[in-house]
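Here's model35.txt, which has compact mmCIF, C-alpha atoms:
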```
# COMPACT_ATOMS: atom_id res chain seq x y z
CA VAL A 1 -17.26 48.78 17.83
CA ARG A 2 -21.03 49.08 17.53
CA ILE A 3 -22.00 49.62 13.92
CA ASP A 4 -24.37 52.52 14.85
CA ALA A 5 -21.57 54.33 16.65
CA LEU A 6 -19.55 54.62 13.46
CA ASP A 7 -19.93 57.48 11.05
CA ASN A 8 -21.85 56.88 7.86
CA ARG A 9 -18.84 56.13 5.69
CA ALA A 10 -17.51 53.52 8.12
CA ARG A 11 -21.00 52.02 8.55
CA ILE A 12 -21.38 51.66 4.82
CA LEU A 13 -17.97 50.00 4.53
CA ALA A 14 -18.77 47.59 7.37
CA ALA A 15 -22.13 46.75 5.78
CA ALA A 16 -20.48 46.26 2.40
CA ARG A 17 -17.93 43.92 3.91
CA SER A 18 -20.68 41.75 5.41
CA ALA A 19 -22.74 41.91 2.22
CA PHE A 20 -19.86 40.76 0.01
CA ALA A 21 -18.96 38.01 2.47
CA ALA A 22 -22.57 36.79 2.51
CA ASP A 23 -23.67 37.37 -1.07
CA GLY A 24 -20.46 37.67 -3.11
CA SER A 25 -21.15 39.17 -6.50
CA ARG A 26 -24.91 39.27 -5.80
CA ALA A 27 -24.44 42.08 -3.26
CA SER A 28 -26.20 45.25 -4.38
CA LEU A 29 -25.79 48.90 -3.41
CA ASN A 30 -29.42 49.02 -2.25
CA LYS A 31 -28.99 46.06 0.07
CA ILE A 32 -25.80 47.56 1.44
CA ALA A 33 -27.55 50.88 2.17
CA GLN A 34 -30.35 49.01 4.00
CA ARG A 35 -27.86 46.95 5.99
CA ALA A 36 -25.95 50.14 6.95
CA GLY A 37 -29.18 51.93 7.89
CA VAL A 38 -28.58 54.84 5.52
CA GLY A 39 -30.60 56.10 2.57
CA PRO A 40 -29.50 55.44 -1.01
CA GLY A 41 -28.62 59.15 -1.33
CA THR A 42 -26.17 58.98 1.57
CA LEU A 43 -24.57 55.88 0.14
CA TYR A 44 -24.34 57.49 -3.29
CA ARG A 45 -22.73 60.64 -1.82
CA HIS A 46 -19.92 58.56 -0.32
CA PHE A 47 -19.64 55.96 -3.09
CA PRO A 48 -21.12 56.84 -6.48
CA SER A 49 -20.68 53.27 -7.77
CA LEU A 50 -20.16 49.69 -6.64
CA GLN A 51 -16.67 50.04 -8.04
CA ALA A 52 -15.87 53.06 -5.85
CA LEU A 53 -17.11 51.12 -2.83
CA LEU A 54 -14.94 48.15 -3.70
CA VAL A 55 -11.88 50.34 -4.17
CA ALA A 56 -12.47 51.85 -0.69
CA LEU A 57 -12.94 48.39 0.84
CA VAL A 58 -9.79 47.05 -0.73
CA ALA A 59 -7.84 50.14 0.36
CA ASP A 60 -9.12 49.56 3.92
CA ASN A 61 -8.13 45.90 3.86
CA VAL A 62 -4.75 46.76 2.46
CA THR A 63 -4.13 49.30 5.22
CA ALA A 64 -4.92 46.59 7.78
CA LEU A 65 -2.72 44.03 5.99
CA CYS A 66 0.20 46.46 5.81
CA ALA A 67 -0.16 47.32 9.51
CA GLU A 68 -0.19 43.60 10.34
CA GLY A 69 2.91 43.09 8.17
CA GLN A 70 4.66 45.99 9.89
CA SER A 71 4.08 44.51 13.32
CA LEU A 72 5.11 41.02 12.11
CA LEU A 73 8.48 42.48 11.04
CA THR A 74 9.49 42.49 14.70
CA SER A 75 8.60 38.81 15.19
CA GLY A 76 11.32 36.49 16.48
CA ASP A 77 10.35 33.92 13.81
CA PRO A 78 10.73 35.68 10.43
CA ALA A 79 9.73 32.62 8.36
CA GLY A 80 6.65 32.12 10.50
CA ALA A 81 5.87 35.83 10.25
CA LEU A 82 6.04 35.63 6.44
CA ARG A 83 3.70 32.63 6.42
CA GLU A 84 1.25 34.21 8.86
CA TRP A 85 1.05 37.31 6.69
CA LEU A 86 0.61 35.29 3.47
CA TRP A 87 -2.28 33.46 5.13
CA SER A 88 -3.88 36.84 5.98
CA PHE A 89 -3.36 37.95 2.41
CA ALA A 90 -5.04 34.76 1.14
CA ARG A 91 -8.02 35.32 3.44
CA HIS A 92 -8.27 38.88 2.11
CA ALA A 93 -8.24 37.54 -1.46
CA THR A 94 -10.87 34.94 -0.60
CA ALA A 95 -13.12 37.39 1.24
CA MET A 96 -13.29 39.62 -1.80
CA HIS A 97 -14.43 36.68 -4.00
CA GLY A 98 -14.20 36.75 -7.75
CA LEU A 99 -16.24 39.93 -7.80
CA VAL A 100 -13.27 42.09 -7.02
CA ALA A 101 -11.14 40.70 -9.82
CA ALA A 102 -13.71 41.58 -12.46
CA GLU A 103 -14.84 44.91 -11.00
CA LEU A 104 -11.37 46.03 -10.04
CA ALA A 105 -9.83 45.16 -13.38
CA ALA A 106 -12.02 47.95 -14.74
CA ALA A 107 -10.83 50.25 -11.97
CA SER A 108 -7.15 49.42 -12.40
CA ALA A 109 -6.34 53.00 -13.37
CA ASP A 110 -7.62 54.14 -9.96
CA SER A 111 -4.70 55.68 -8.08
CA ALA A 112 -5.98 54.43 -4.70
CA LEU A 113 -5.66 50.90 -6.06
CA ALA A 114 -2.21 51.53 -7.49
CA ASP A 115 -1.11 52.82 -4.06
CA ALA A 116 -2.66 49.78 -2.36
CA HIS A 117 -0.86 47.49 -4.77
CA SER A 118 2.51 49.16 -4.09
CA ALA A 119 1.95 49.08 -0.33
CA ILE A 120 1.09 45.40 -0.26
CA ARG A 121 4.04 44.54 -2.45
CA ALA A 122 6.42 46.56 -0.27
CA THR A 123 5.09 44.76 2.82
CA ALA A 124 5.65 41.37 1.18
CA GLU A 125 9.17 42.44 0.17
CA SER A 126 10.07 43.46 3.73
CA LEU A 127 8.83 40.17 5.17
CA LEU A 128 10.62 38.17 2.45
CA THR A 129 13.88 40.02 3.04
CA ARG A 130 13.71 39.56 6.79
CA ALA A 131 13.03 35.81 6.29
CA GLY A 132 16.13 35.60 4.07
CA HIS A 133 14.22 35.16 0.81
CA SER A 134 14.94 38.42 -0.97
CA ASP A 135 15.55 36.34 -4.13
CA VAL A 136 11.81 35.60 -4.29
CA ASP A 137 9.85 38.12 -6.36
CA ALA A 138 7.10 39.58 -4.15
CA GLY A 139 4.77 40.05 -7.13
CA ASP A 140 5.14 36.39 -8.10
CA LEU A 141 4.48 35.28 -4.54
CA LEU A 142 1.32 37.40 -4.21
CA THR A 143 0.07 36.15 -7.59
CA LEU A 144 0.69 32.58 -6.47
CA VAL A 145 -1.18 33.03 -3.18
CA ASN A 146 -3.98 34.76 -5.05
CA ALA A 147 -4.18 31.83 -7.49
CA VAL A 148 -4.37 29.40 -4.57
CA ALA A 149 -7.21 31.41 -3.02
CA TRP A 150 -9.02 31.33 -6.36
CA ALA A 151 -8.53 27.57 -6.75
CA CYS A 152 -9.99 27.00 -3.28
CA GLU A 153 -13.02 29.12 -4.08
CA GLN A 154 -13.56 27.07 -7.27
CA SER A 155 -13.32 23.80 -5.39
CA ALA A 156 -15.83 25.08 -2.81
CA ASP A 157 -13.77 23.38 -0.10
CA PRO A 158 -12.40 26.10 2.20
CA GLY A 159 -10.45 23.49 4.13
CA ARG A 160 -8.09 23.07 1.20
CA LEU A 161 -6.73 26.61 1.58
CA ASP A 162 -4.41 25.58 4.41
CA GLN A 163 -3.02 22.55 2.57
CA LEU A 164 -2.52 24.36 -0.74
CA LEU A 165 -0.94 27.42 0.88
CA ALA A 166 1.42 25.19 2.86
CA LEU A 167 2.51 23.57 -0.41
CA ALA A 168 2.79 26.87 -2.29
CA THR A 169 4.85 28.47 0.47
CA ALA A 170 7.03 25.45 1.25
CA PHE A 171 10.10 27.49 0.25
CA THR A 172 9.65 29.50 3.47
CA SER A 173 10.65 26.52 5.59
CA THR A 174 13.99 26.04 3.82
CA SER A 175 17.01 27.87 5.21
CA PRO A 176 17.78 30.83 2.99
CA VAL B 1 3.03 13.04 -39.15
CA ARG B 2 1.22 14.68 -42.06
CA ILE B 3 -2.27 15.64 -41.06
CA ASP B 4 -3.78 14.16 -44.26
CA ALA B 5 -2.16 10.78 -43.56
CA LEU B 6 -4.10 10.39 -40.34
CA ASP B 7 -7.53 8.82 -40.14
CA ASN B 8 -10.53 11.11 -39.72
CA ARG B 9 -10.75 10.82 -35.97
CA ALA B 10 -7.09 11.69 -35.48
CA ARG B 11 -7.34 14.53 -38.04
CA ILE B 12 -10.29 16.02 -36.20
CA LEU B 13 -8.46 15.78 -32.88
CA ALA B 14 -5.34 17.41 -34.35
CA ALA B 15 -7.46 20.18 -35.91
CA ALA B 16 -9.32 20.70 -32.63
CA ARG B 17 -6.03 20.98 -30.77
CA SER B 18 -4.85 23.73 -33.14
CA ALA B 19 -8.22 25.46 -33.09
CA PHE B 20 -8.36 25.61 -29.28
CA ALA B 21 -4.75 26.79 -29.12
CA ALA B 22 -5.48 29.54 -31.64
CA ASP B 23 -9.02 30.57 -30.72
CA GLY B 24 -9.58 29.32 -27.18
CA SER B 25 -13.24 29.30 -26.30
CA ARG B 26 -14.14 30.87 -29.67
CA ALA B 27 -13.28 27.64 -31.50
CA SER B 28 -16.35 26.15 -33.18
CA LEU B 29 -17.16 22.66 -34.42
CA ASN B 30 -17.65 24.02 -37.96
CA LYS B 31 -14.23 25.64 -38.04
CA ILE B 32 -12.67 22.46 -36.68
CA ALA B 33 -14.32 20.38 -39.41
CA GLN B 34 -13.01 22.81 -42.06
CA ARG B 35 -9.52 22.74 -40.61
CA ALA B 36 -9.58 18.92 -40.53
CA GLY B 37 -10.87 18.76 -44.11
CA VAL B 38 -13.93 16.69 -43.18
CA GLY B 39 -17.63 17.44 -43.54
CA PRO B 40 -19.75 18.41 -40.54
CA GLY B 41 -21.44 14.98 -40.73
CA THR B 42 -18.15 13.15 -40.34
CA LEU B 43 -17.21 15.32 -37.38
CA TYR B 44 -20.62 14.80 -35.82
CA ARG B 45 -20.35 11.01 -36.25
CA HIS B 46 -17.12 10.97 -34.26
CA PHE B 47 -17.97 13.72 -31.78
CA PRO B 48 -21.66 14.62 -31.34
CA SER B 49 -20.80 17.72 -29.26
CA LEU B 50 -18.00 20.14 -28.43
CA GLN B 51 -17.97 18.52 -25.02
CA ALA B 52 -17.40 15.03 -26.45
CA LEU B 53 -14.53 16.42 -28.52
CA LEU B 54 -12.99 18.07 -25.47
CA VAL B 55 -13.26 14.88 -23.45
CA ALA B 56 -11.45 12.98 -26.23
CA LEU B 57 -8.74 15.65 -26.45
CA VAL B 58 -8.18 15.64 -22.73
CA ALA B 59 -8.06 11.83 -22.69
CA ASP B 60 -5.45 11.98 -25.48
CA ASN B 61 -3.35 14.55 -23.62
CA VAL B 62 -3.59 12.56 -20.43
CA THR B 63 -2.40 9.40 -22.19
CA ALA B 64 0.62 11.33 -23.47
CA LEU B 65 1.27 12.88 -20.03
CA CYS B 66 1.08 9.50 -18.32
CA ALA B 67 3.44 7.95 -20.87
CA GLU B 68 5.88 10.81 -20.31
CA GLY B 69 5.60 10.33 -16.54
CA GLN B 70 6.22 6.61 -16.92
CA SER B 71 9.43 7.18 -18.86
CA LEU B 72 10.54 9.91 -16.42
CA LEU B 73 10.27 7.37 -13.59
CA THR B 74 13.56 5.87 -14.81
CA SER B 75 15.37 9.23 -14.76
CA GLY B 76 18.54 9.48 -12.69
CA ASP B 77 17.28 12.81 -11.27
CA PRO B 78 13.92 12.10 -9.59
CA ALA B 79 13.38 15.70 -8.38
CA GLY B 80 14.15 17.02 -11.87
CA ALA B 81 11.84 14.38 -13.36
CA LEU B 82 9.01 15.50 -11.07
CA ARG B 83 9.55 19.15 -12.07
CA GLU B 84 9.75 18.34 -15.79
CA TRP B 85 6.48 16.46 -15.59
CA LEU B 86 4.75 19.23 -13.61
CA TRP B 87 5.83 21.70 -16.30
CA SER B 88 4.28 19.43 -18.95
CA PHE B 89 1.10 19.24 -16.89
CA ALA B 90 1.02 23.06 -16.62
CA ARG B 91 1.42 23.40 -20.40
CA HIS B 92 -1.43 20.93 -20.84
CA ALA B 93 -3.59 23.00 -18.48
CA THR B 94 -2.67 26.21 -20.30
CA ALA B 95 -3.25 24.78 -23.76
CA MET B 96 -6.79 23.84 -22.81
CA HIS B 97 -7.54 27.42 -21.66
CA GLY B 98 -10.49 28.28 -19.46
CA LEU B 99 -12.79 26.62 -21.95
CA VAL B 100 -12.06 23.19 -20.63
CA ALA B 101 -12.82 24.06 -17.03
CA ALA B 102 -16.31 25.29 -17.89
CA GLU B 103 -17.15 22.68 -20.50
CA LEU B 104 -15.63 19.80 -18.60
CA ALA B 105 -17.28 20.69 -15.32
CA ALA B 106 -20.52 19.81 -17.11
CA ALA B 107 -18.96 16.56 -18.31
CA SER B 108 -17.52 15.59 -14.97
CA ALA B 109 -19.69 12.48 -14.80
CA ASP B 110 -18.03 11.21 -17.99
CA SER B 111 -16.19 8.00 -17.14
CA ALA B 112 -13.39 8.75 -19.64
CA LEU B 113 -12.65 11.89 -17.63
CA ALA B 114 -12.78 10.09 -14.31
CA ASP B 115 -10.28 7.56 -15.69
CA ALA B 116 -8.06 10.38 -16.99
CA HIS B 117 -8.19 12.05 -13.61
CA SER B 118 -7.18 8.86 -11.80
CA ALA B 119 -4.38 8.15 -14.29
CA ILE B 120 -2.87 11.62 -13.97
CA ARG B 121 -3.07 11.49 -10.21
CA ALA B 122 -1.42 8.06 -10.11
CA THR B 123 1.38 9.36 -12.35
CA ALA B 124 1.93 12.36 -10.07
CA GLU B 125 1.97 10.04 -7.05
CA SER B 126 4.63 7.78 -8.59
CA LEU B 127 6.87 10.72 -9.44
CA LEU B 128 6.37 12.26 -5.98
CA THR B 129 7.20 8.98 -4.26
CA ARG B 130 10.32 8.42 -6.33
CA ALA B 131 11.46 12.01 -5.55
CA GLY B 132 11.01 11.29 -1.84
CA HIS B 133 7.91 13.47 -1.43
CA SER B 134 5.23 10.90 -0.77
CA ASP B 135 3.99 13.20 2.04
CA VAL B 136 2.77 15.68 -0.61
CA ASP B 137 -0.84 15.09 -1.70
CA ALA B 138 -0.86 14.59 -5.48
CA GLY B 139 -4.32 16.15 -5.81
CA ASP B 140 -3.18 19.29 -3.97
CA LEU B 141 -0.10 19.56 -6.15
CA LEU B 142 -2.07 19.23 -9.39
CA THR B 143 -4.61 21.79 -8.17
CA LEU B 144 -1.77 24.16 -7.32
CA VAL B 145 -0.09 23.79 -10.72
CA ASN B 146 -3.48 24.21 -12.38
CA ALA B 147 -4.07 27.42 -10.39
CA VAL B 148 -0.67 28.73 -11.48
CA ALA B 149 -1.49 28.01 -15.12
CA TRP B 150 -4.78 29.85 -14.69
CA ALA B 151 -3.10 32.87 -13.04
CA CYS B 152 -0.64 33.10 -15.93
CA GLU B 153 -3.45 33.03 -18.47
CA GLN B 154 -5.19 35.85 -16.58
CA SER B 155 -2.04 37.95 -16.51
CA ALA B 156 -1.59 37.40 -20.26
CA ASP B 157 2.16 37.05 -19.67
CA PRO B 158 3.17 33.50 -20.61
CA GLY B 159 6.72 34.19 -19.43
CA ARG B 160 5.51 34.21 -15.83
CA LEU B 161 4.61 30.52 -15.96
CA ASP B 162 8.24 29.48 -15.43
CA GLN B 163 8.78 31.81 -12.46
CA LEU B 164 5.50 30.97 -10.75
CA LEU B 165 5.90 27.22 -11.24
CA ALA B 166 9.44 27.39 -9.87
CA LEU B 167 8.06 29.11 -6.76
CA ALA B 168 5.10 26.74 -6.41
CA THR B 169 7.29 23.65 -6.75
CA ALA B 170 10.19 24.91 -4.62
CA PHE B 171 9.59 21.99 -2.23
CA THR B 172 10.99 19.65 -4.91
CA SER B 173 14.48 21.08 -4.47
CA THR B 174 14.62 20.36 -0.73
CA SER B 175 15.94 17.03 0.37
CA PRO B 176 13.07 14.80 1.39
```
Could you rewrite the structure in this file as structure tokens?
Amino acid sequence: VRIDALDNRARILAAARSAFAADGSRASLNKIAQRAGVGPGTLYRHFPSLQALLVALVADNVTALCAEGQSLLTSGDPAGALREWLWSFARHATAMHGLVAAELAAASADSALADAHSAIRATAESLLTRAGHSDVDAGDLLTLVNAVAWACEQSADPGRLDQLLALATAFTSTSP
Amino acid sequence: VRIDALDNRARILAAARSAFAADGSRASLNKIAQRAGVGPGTLYRHFPSLQALLVALVADNVTALCAEGQSLLTSGDPAGALREWLWSFARHATAMHGLVAAELAAASADSALADAHSAIRATAESLLTRAGHSDVDAGDLLTLVNAVAWACEQSADPGRLDQLLALATAFTSTSP
């Protein structure tokens, strides 16, 4: 998809995604507007604050993660499907950097976020159940994977993510 | 041990331990001196900075953790011994709060800390080997447990520590 073929809202979201990936918490609304090729007024009309933009981004990511989870539910290797999805979730957590945690904590009353949280948890529960691990609390598992993503960001060694996730999700390779 | 029966250095360390547990990063050298019943000069003579005090505290904790690990090496239940020690390590990480991470990052060149780090890693390696998990990287495991401790502090729900650690260390209950 060419970025200039998208409508303004989608262009802003795509620009924001790149800006956060490149600049983390130093990304600014002005830079994002420039990158998207829209004026500050257009950006403001769609997203009146950095927080509103983040909420929309997270909701977008969550929709993609849930769709991926849905399609993984038909996989012939349920344990592998669970792991693959947890890896995607970890990459999502990493891509959003620490910025999201701080900004989104303030937005936690936002109903779009509450819906995203429920959807991601339900997806994790379905994958856990299909892999025979319905005894594992989905909220605990997501918190654990999130903590691993955080630890890897702190250590500034992205290569560790694989090793640490493998250790944290070792239960998935035991028979239920 | 009565706190007033200890020598000044030990009294300051005991007071600092309580102060950090109670106040986290808001603990101050002045408050610690008051709590230990020593003057600021005495405290300063032993520990010229908050960082020096933290390094000494961590070194003390690490000595205790390594001694505990040593005695657990003779346990009849090596997997249980490994778990028990990882729980102790997580409590150590939690007790030090986020303060330590920030302050100690600055002190990372301190040789006492480097020694502590090596000692704790060697202890973890011995327990892993005895439990039949020498394939698990001790550094990864300690980072994982540390991340879990951090996540539990963020969630302000200390009860989660048990659940999350059980999930993170599930590999210990599989036969090697």
Applying 9 Å and all atoms listed in the file, which residues near Cys66 in chain B remain after dropping the ones on its own chain fewer than 4 positions away? List them as a compact mmCIF listing (two decimals) with C-alpha atoms, in the coordinates of the input.
```
# COMPACT_ATOMS: atom_id res chain seq x y z
CA ASN B 61 -3.35 14.55 -23.62
CA VAL B 62 -3.59 12.56 -20.43
CA GLN B 70 6.22 6.61 -16.92
CA SER B 71 9.43 7.18 -18.86
CA ALA B 119 -4.38 8.15 -14.29
CA ILE B 120 -2.87 11.62 -13.97
CA ALA B 122 -1.42 8.06 -10.11
CA THR B 123 1.38 9.36 -12.35
CA ALA B 124 1.93 12.36 -10.07
```
Fit chain B to chain A, all Cα atoms paired in order, least squares. Then write it as a short mmCIF file (atom, residue, chain, number, x, y, z; two decimals) with C-alpha atoms, keeping the file's coordinate frame.
```cif
data_model
loop_
_atom_site.label_atom_id
_atom_site.label_comp_id
_atom_site.auth_asym_id
_atom_site.auth_seq_id
_atom_site.Cartn_x
_atom_site.Cartn_y
_atom_site.Cartn_z
CA VAL B 1 -17.16 48.52 17.78
CA ARG B 2 -20.93 48.84 17.50
CA ILE B 3 -21.94 49.44 13.93
CA ASP B 4 -24.31 52.30 14.89
CA ALA B 5 -21.50 54.13 16.71
CA LEU B 6 -19.51 54.47 13.51
CA ASP B 7 -19.89 57.37 11.11
CA ASN B 8 -21.81 56.78 7.89
CA ARG B 9 -18.80 56.07 5.74
CA ALA B 10 -17.45 53.45 8.13
CA ARG B 11 -20.94 51.94 8.57
CA ILE B 12 -21.33 51.60 4.82
CA LEU B 13 -17.91 49.98 4.51
CA ALA B 14 -18.68 47.54 7.35
CA ALA B 15 -22.06 46.70 5.78
CA ALA B 16 -20.43 46.23 2.36
CA ARG B 17 -17.86 43.90 3.87
CA SER B 18 -20.62 41.72 5.36
CA ALA B 19 -22.70 41.88 2.20
CA PHE B 20 -19.82 40.75 -0.04
CA ALA B 21 -18.90 37.99 2.41
CA ALA B 22 -22.50 36.77 2.47
CA ASP B 23 -23.62 37.35 -1.11
CA GLY B 24 -20.44 37.66 -3.16
CA SER B 25 -21.12 39.18 -6.53
CA ARG B 26 -24.88 39.26 -5.82
CA ALA B 27 -24.42 42.05 -3.27
CA SER B 28 -26.18 45.23 -4.37
CA LEU B 29 -25.77 48.87 -3.39
CA ASN B 30 -29.40 48.98 -2.20
CA LYS B 31 -28.96 46.01 0.11
CA ILE B 32 -25.75 47.52 1.46
CA ALA B 33 -27.51 50.81 2.21
CA GLN B 34 -30.28 48.92 4.04
CA ARG B 35 -27.78 46.89 6.03
CA ALA B 36 -25.89 50.07 6.97
CA GLY B 37 -29.11 51.83 7.96
CA VAL B 38 -28.53 54.76 5.58
CA GLY B 39 -30.58 56.01 2.65
CA PRO B 40 -29.50 55.37 -0.94
CA GLY B 41 -28.62 59.09 -1.24
CA THR B 42 -26.17 58.92 1.64
CA LEU B 43 -24.54 55.83 0.18
CA TYR B 44 -24.36 57.46 -3.23
CA ARG B 45 -22.75 60.60 -1.76
CA HIS B 46 -19.94 58.52 -0.28
CA PHE B 47 -19.65 55.94 -3.06
CA PRO B 48 -21.14 56.84 -6.46
CA SER B 49 -20.68 53.26 -7.76
CA LEU B 50 -20.14 49.67 -6.66
CA GLN B 51 -16.66 50.04 -8.06
CA ALA B 52 -15.87 53.07 -5.88
CA LEU B 53 -17.09 51.12 -2.85
CA LEU B 54 -14.91 48.15 -3.75
CA VAL B 55 -11.87 50.36 -4.21
CA ALA B 56 -12.45 51.86 -0.74
CA LEU B 57 -12.89 48.40 0.80
CA VAL B 58 -9.75 47.09 -0.79
CA ALA B 59 -7.82 50.19 0.31
CA ASP B 60 -9.10 49.60 3.87
CA ASN B 61 -8.09 45.93 3.81
CA VAL B 62 -4.70 46.80 2.41
CA THR B 63 -4.10 49.35 5.17
CA ALA B 64 -4.90 46.66 7.74
CA LEU B 65 -2.70 44.09 5.95
CA CYS B 66 0.22 46.50 5.78
CA ALA B 67 -0.14 47.38 9.46
CA GLU B 68 -0.16 43.67 10.32
CA GLY B 69 2.93 43.14 8.16
CA GLN B 70 4.68 46.04 9.86
CA SER B 71 4.09 44.58 13.31
CA LEU B 72 5.10 41.09 12.11
CA LEU B 73 8.46 42.53 11.04
CA THR B 74 9.48 42.54 14.71
CA SER B 75 8.57 38.86 15.21
CA GLY B 76 11.28 36.55 16.52
CA ASP B 77 10.30 33.99 13.84
CA PRO B 78 10.69 35.71 10.45
CA ALA B 79 9.69 32.64 8.39
CA GLY B 80 6.59 32.16 10.56
CA ALA B 81 5.83 35.88 10.26
CA LEU B 82 6.01 35.66 6.46
CA ARG B 83 3.65 32.66 6.45
CA GLU B 84 1.19 34.28 8.86
CA TRP B 85 1.03 37.36 6.68
CA LEU B 86 0.58 35.33 3.47
CA TRP B 87 -2.33 33.52 5.13
CA SER B 88 -3.90 36.90 5.97
CA PHE B 89 -3.39 38.00 2.38
CA ALA B 90 -5.06 34.79 1.13
CA ARG B 91 -8.05 35.38 3.43
CA HIS B 92 -8.28 38.92 2.08
CA ALA B 93 -8.25 37.57 -1.48
CA THR B 94 -10.89 34.98 -0.62
CA ALA B 95 -13.14 37.42 1.20
CA MET B 96 -13.28 39.63 -1.87
CA HIS B 97 -14.40 36.70 -4.06
CA GLY B 98 -14.20 36.77 -7.83
CA LEU B 99 -16.22 39.96 -7.84
CA VAL B 100 -13.24 42.09 -7.06
CA ALA B 101 -11.12 40.71 -9.87
CA ALA B 102 -13.71 41.61 -12.49
CA GLU B 103 -14.82 44.91 -11.02
CA LEU B 104 -11.34 46.04 -10.08
CA ALA B 105 -9.82 45.16 -13.42
CA ALA B 106 -12.03 47.96 -14.77
CA ALA B 107 -10.80 50.25 -12.00
CA SER B 108 -7.15 49.42 -12.42
CA ALA B 109 -6.33 52.99 -13.39
CA ASP B 110 -7.59 54.15 -9.99
CA SER B 111 -4.66 55.70 -8.13
CA ALA B 112 -5.94 54.44 -4.75
CA LEU B 113 -5.60 50.91 -6.11
CA ALA B 114 -2.16 51.53 -7.55
CA ASP B 115 -1.07 52.82 -4.13
CA ALA B 116 -2.62 49.78 -2.42
CA HIS B 117 -0.83 47.50 -4.83
CA SER B 118 2.53 49.15 -4.16
CA ALA B 119 1.98 49.10 -0.39
CA ILE B 120 1.12 45.40 -0.30
CA ARG B 121 4.06 44.55 -2.49
CA ALA B 122 6.44 46.58 -0.31
CA THR B 123 5.10 44.79 2.78
CA ALA B 124 5.64 41.39 1.16
CA GLU B 125 9.17 42.44 0.16
CA SER B 126 10.06 43.48 3.72
CA LEU B 127 8.81 40.20 5.16
CA LEU B 128 10.59 38.18 2.46
CA THR B 129 13.86 40.02 3.06
CA ARG B 130 13.68 39.58 6.81
CA ALA B 131 12.98 35.83 6.32
CA GLY B 132 16.08 35.59 4.12
CA HIS B 133 14.17 35.15 0.85
CA SER B 134 14.93 38.39 -0.93
CA ASP B 135 15.55 36.27 -4.08
CA VAL B 136 11.79 35.55 -4.26
CA ASP B 137 9.85 38.08 -6.36
CA ALA B 138 7.11 39.57 -4.17
CA GLY B 139 4.78 40.03 -7.15
CA ASP B 140 5.14 36.35 -8.11
CA LEU B 141 4.46 35.27 -4.55
CA LEU B 142 1.32 37.40 -4.24
CA THR B 143 0.07 36.15 -7.61
CA LEU B 144 0.66 32.58 -6.47
CA VAL B 145 -1.20 33.04 -3.18
CA ASN B 146 -3.99 34.79 -5.06
CA ALA B 147 -4.21 31.84 -7.49
CA VAL B 148 -4.42 29.43 -4.55
CA ALA B 149 -7.24 31.45 -3.01
CA TRP B 150 -9.05 31.38 -6.35
CA ALA B 151 -8.58 27.60 -6.74
CA CYS B 152 -10.04 27.05 -3.27
CA GLU B 153 -13.07 29.17 -4.09
CA GLN B 154 -13.61 27.13 -7.26
CA SER B 155 -13.38 23.85 -5.37
CA ALA B 156 -15.90 25.16 -2.81
CA ASP B 157 -13.84 23.48 -0.08
CA PRO B 158 -12.47 26.21 2.20
CA GLY B 159 -10.53 23.60 4.18
CA ARG B 160 -8.17 23.15 1.24
CA LEU B 161 -6.82 26.68 1.60
CA ASP B 162 -4.52 25.65 4.46
CA GLN B 163 -3.11 22.62 2.63
CA LEU B 164 -2.60 24.41 -0.68
CA LEU B 165 -1.01 27.47 0.92
CA ALA B 166 1.33 25.24 2.93
CA LEU B 167 2.42 23.60 -0.34
CA ALA B 168 2.73 26.88 -2.23
CA THR B 169 4.79 28.50 0.53
CA ALA B 170 6.95 25.46 1.31
CA PHE B 171 10.03 27.49 0.32
CA THR B 172 9.59 29.52 3.53
CA SER B 173 10.56 26.54 5.66
CA THR B 174 13.91 26.01 3.92
CA SER B 175 16.90 27.83 5.26
CA PRO B 176 17.70 30.77 3.03
#
```
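Distances from A:Ala59, A:Leu161, A:Val148, A:Ala166 to chain B were compared using all atoms listed in the file, and the smallest one belongs to A:Val148.
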Quick check: residues of chain A within 9 Å of chain B, only C-alpha atoms, returned as an mmCIF file with C-alpha atoms, keeping the file's coordinate frame.
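File produced: result21.cif:
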```cif
data_model
loop_
_atom_site.group_PDB
_atom_site.id
_atom_site.type_symbol
_atom_site.label_atom_id
_atom_site.label_comp_id
_atom_site.auth_asym_id
_atom_site.auth_seq_id
_atom_site.Cartn_x
_atom_site.Cartn_y
_atom_site.Cartn_z
ATOM 1 C CA VAL A 136 11.810 35.600 -4.290
ATOM 2 C CA ASP A 137 9.850 38.120 -6.360
ATOM 3 C CA ASP A 140 5.140 36.390 -8.100
ATOM 4 C CA LEU A 141 4.480 35.280 -4.540
ATOM 5 C CA THR A 143 0.070 36.150 -7.590
ATOM 6 C CA LEU A 144 0.690 32.580 -6.470
ATOM 7 C CA ASN A 146 -3.980 34.760 -5.050
ATOM 8 C CA ALA A 147 -4.180 31.830 -7.490
ATOM 9 C CA VAL A 148 -4.370 29.400 -4.570
ATOM 10 C CA ALA A 149 -7.210 31.410 -3.020
ATOM 11 C CA TRP A 150 -9.020 31.330 -6.360
ATOM 12 C CA ALA A 151 -8.530 27.570 -6.750
ATOM 13 C CA CYS A 152 -9.990 27.000 -3.280
ATOM 14 C CA ARG A 160 -8.090 23.070 1.200
ATOM 15 C CA GLN A 163 -3.020 22.550 2.570
ATOM 16 C CA LEU A 164 -2.520 24.360 -0.740
ATOM 17 C CA LEU A 165 -0.940 27.420 0.880
ATOM 18 C CA LEU A 167 2.510 23.570 -0.410
ATOM 19 C CA ALA A 168 2.790 26.870 -2.290
ATOM 20 C CA THR A 169 4.850 28.470 0.470
ATOM 21 C CA ALA A 170 7.030 25.450 1.250
ATOM 22 C CA PHE A 171 10.100 27.490 0.250
ATOM 23 C CA THR A 174 13.990 26.040 3.820
#
```
